[in-house]
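Enquirer: Below you'll find the structure I mean.
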Amino acid sequence: MAKANGINKKLLAKKDMNFFAEFTANAAKQARLLGYGIVVGVLVVVVVLAFIIAFVIRNSIKKNEINALKELLESPDYASLEHDADVLKAELTEMENNYYALTQMRRDVDLIDAAPTDLPDIMAKCIPNDSFISTYAVTSAELTITGHTFTYYSPVDMVNMLNASDVFTARPIITIKREDPDDDEDITVEDLAAGKATINAINNYYQFEISGTLVSNVHISVTRYAEGEDVITLGGIDTVDVRAGNTYSIEGVDKYKYAGTNYELSRIFVNGSEVDAASLAKVIETGTYTDVGRGNYDIKFYYAVATAAEEPAEG
């Protein structure tokens, strides 16, 4: 019985030793973890303090810069800056108005076409042998020729030769009328006796008149406007010369950039008439305005301030 009690005491002592050893190991582990936690906490505090110090320094620097900028703006050199800006804005507006007026005068000059200098020489080469020209007149782009001929079809031949020399844009109007010498009531016996008049012995000749439009350029005037509280011009008037009857295109009209502001096309007027919505939508989609040069056109593009960030062509 005593032996049994001795064995139990040894086992109990061994268990106690294992417990204390395990307890000591766990305590040491917890101590290490606590040390790591303290170190990490100290590092976090250091980092936070570093950020706070950096922020304070940066904030102080910014305040100093702001104060320096305020002092600079309040200095005499900048005291009249706003007034000078208003003066420059007024000068710019006046210059833009002058530029627009100059381009308008230039357009008026471009609309006046001079007659071809070689036109008399061309007509002289195209007169049939049995015909002669009494008068010719050039009004704007119209040419009118009057004369006489002994053959009914000679004026037609003359027009064909003129067209072969590229004189008319289309076949002109030809008027041919037979004249009878006996119908001349202005000739009197006294005029014949005094030698002031003669009797035309040829009893079959014709008077003709040829009238048509000369081959020339038509002029397309392009003006851009910004819509808002006040409609203002975006630059001057651009004039495009187009051969009469030819197709022309104006590129990049859907968007426009002027004085740093982006605009988008909103309306189009041609000779005072607004372009319909379907045609406007097509121009906006393609970015190109296309037409045929049938005459002098005045085209006005109206723009609204753009909302998209896309960069249009600079005006």
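Just so we're on the same page: first chain in the structure tokens is A, next is B, and so on; residues restart at 1 for each chain, and ligands are numbered from 1 in the order they show up.
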Quick one: residues within 7 Å of Gly252 (chain A), only C-alpha atoms counted, chain neighbours fewer than 3 positions away excluded, as a ChimeraX atom specification?

Expert: /A:255,287-288

Enquirer: Give me the region 39-128 of chain A side of the contact with region 256-269 of chain A, cut-off 12 Å, one line per residue showing its nearest atom pair and distance in Å at one decimal, counting only C-alpha atoms, sorted by chain and residue number, as JSON lines.

Expert:
```
{"residue": "A:Lys89", "atom": "CA", "partner": "A:Ala259", "partner_atom": "CA", "distance": 11.9}
{"residue": "A:Leu92", "atom": "CA", "partner": "A:Ala259", "partner_atom": "CA", "distance": 10.8}
{"residue": "A:Thr93", "atom": "CA", "partner": "A:Ala259", "partner_atom": "CA", "distance": 11.8}
{"residue": "A:Glu96", "atom": "CA", "partner": "A:Ala259", "partner_atom": "CA", "distance": 11.3}
```

Enquirer: Just the number, please: distance in Å from CA of Val109 (chain A) to CA of Gly295 (chain A), one decimal.

Expert: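 Between CA of Val109 (chain A) and CA of Gly295 (chain A) the gap is 15.8 Å.
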
Enquirer: Quick one: pull the distance between CA of Val215 (chain A) and CA of Arg243 (chain A), Å, one decimal.

Expert: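 So the two atoms, CA of Val215 (chain A) and CA of Arg243 (chain A), lie 8.0 Å apart.
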
Enquirer: Identify, on the basis of only C-alpha atoms, every residue whose closest approach to Thr286 (chain A) does not exceed 9 Å; exclude the query and any residue fewer than 5 positions from it along the same chain; express the result as a ChimeraX atom specification.

Expert: /A:251-252,254,281

Enquirer: Hey, can you check how far CA of Ser131 (chain A) sits from CA of Met158 (chain A)?

Expert: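 Answer for the CA of Ser131 (chain A) to CA of Met158 (chain A) separation: 9.3 Å.
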
Enquirer: Which residues in region 69-168 of chain A does DSSP call helix (DSSP H, G or I)? List them as a PyMOL selection string.

Expert: chain A and resi 69-73+76-79+81-110+119-125+154-164

Enquirer: Please tabulate, as CSV, the residues of region 49-146 of chain A that come within 10 Å of region 150-155 of chain A, each with its closest pair of atoms and the distance in Å to one decimal, counting only C-alpha atoms and ordering rows by chain, then residue number upward.

Expert:
```
residue,atom,partner,partner_atom,distance
A:Cys126,CA,A:Pro155,CA,9.9
A:Ile127,CA,A:Pro155,CA,8.5
A:Pro128,CA,A:Ser154,CA,6.4
A:Asn129,CA,A:Ser154,CA,8.8
A:Asp130,CA,A:Phe150,CA,5.7
A:Ser131,CA,A:Phe150,CA,6.5
A:Phe132,CA,A:Phe150,CA,9.5
A:Thr146,CA,A:Pro155,CA,9.8
```

Enquirer: Let's have the selection written as a PDB file, in the first residue's frame, with N, CA and C atoms.

Expert:
```pdb
ATOM      1  N   CYS A 126     -15.283  84.161-133.916  1.00  0.00           N
ATOM      2  CA  CYS A 126     -16.452  83.301-134.076  1.00  0.00           C
ATOM      3  C   CYS A 126     -17.543  83.930-134.950  1.00  0.00           C
ATOM      4  N   ILE A 127     -17.302  85.094-135.537  1.00  0.00           N
ATOM      5  CA  ILE A 127     -18.317  85.736-136.393  1.00  0.00           C
ATOM      6  C   ILE A 127     -18.305  85.070-137.771  1.00  0.00           C
ATOM      7  N   PRO A 128     -19.432  84.551-138.226  1.00  0.00           N
ATOM      8  CA  PRO A 128     -19.480  83.944-139.570  1.00  0.00           C
ATOM      9  C   PRO A 128     -19.214  84.999-140.659  1.00  0.00           C
ATOM     10  N   ASN A 129     -18.823  84.537-141.836  1.00  0.00           N
ATOM     11  CA  ASN A 129     -18.462  85.457-142.924  1.00  0.00           C
ATOM     12  C   ASN A 129     -19.647  86.276-143.415  1.00  0.00           C
ATOM     13  N   ASP A 130     -20.869  85.749-143.275  1.00  0.00           N
ATOM     14  CA  ASP A 130     -22.037  86.470-143.774  1.00  0.00           C
ATOM     15  C   ASP A 130     -22.751  87.258-142.682  1.00  0.00           C
ATOM     16  N   SER A 131     -22.062  87.520-141.557  1.00  0.00           N
ATOM     17  CA  SER A 131     -22.696  88.193-140.422  1.00  0.00           C
ATOM     18  C   SER A 131     -21.785  89.294-139.900  1.00  0.00           C
ATOM     19  N   PHE A 132     -22.399  90.220-139.161  1.00  0.00           N
ATOM     20  CA  PHE A 132     -21.612  91.227-138.460  1.00  0.00           C
ATOM     21  C   PHE A 132     -22.325  91.574-137.157  1.00  0.00           C
ATOM     22  N   THR A 146     -25.924  91.657-130.390  1.00  0.00           N
ATOM     23  CA  THR A 146     -26.899  91.940-131.455  1.00  0.00           C
ATOM     24  C   THR A 146     -26.136  92.164-132.750  1.00  0.00           C
TER      25      THR A 146
END
```

Enquirer: For Thr175 (chain A), please output as a ChimeraX atom specification all residues within 12 Å (counting only C-alpha atoms; exclusion window: fewer than 6 positions along the same chain).

Expert: /A:144-148,152-156,159,206-212

Enquirer: Taking only C-alpha atoms into account, name the residue in A:Ala68, A:Ala137, A:Ala304, A:Leu34 that is nearest to Val231 (chain A).

Expert: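 That would be A:Ala304, the residue with the smallest distance to Val231 (chain A).
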
Enquirer: Do a neighbour search on region 290-293 of chain A at 9 Å with only C-alpha atoms, toss out local chain neighbours closer than 4 positions, and write the hits as a ChimeraX atom specification.

Expert: /A:217-220,242-251,283,297
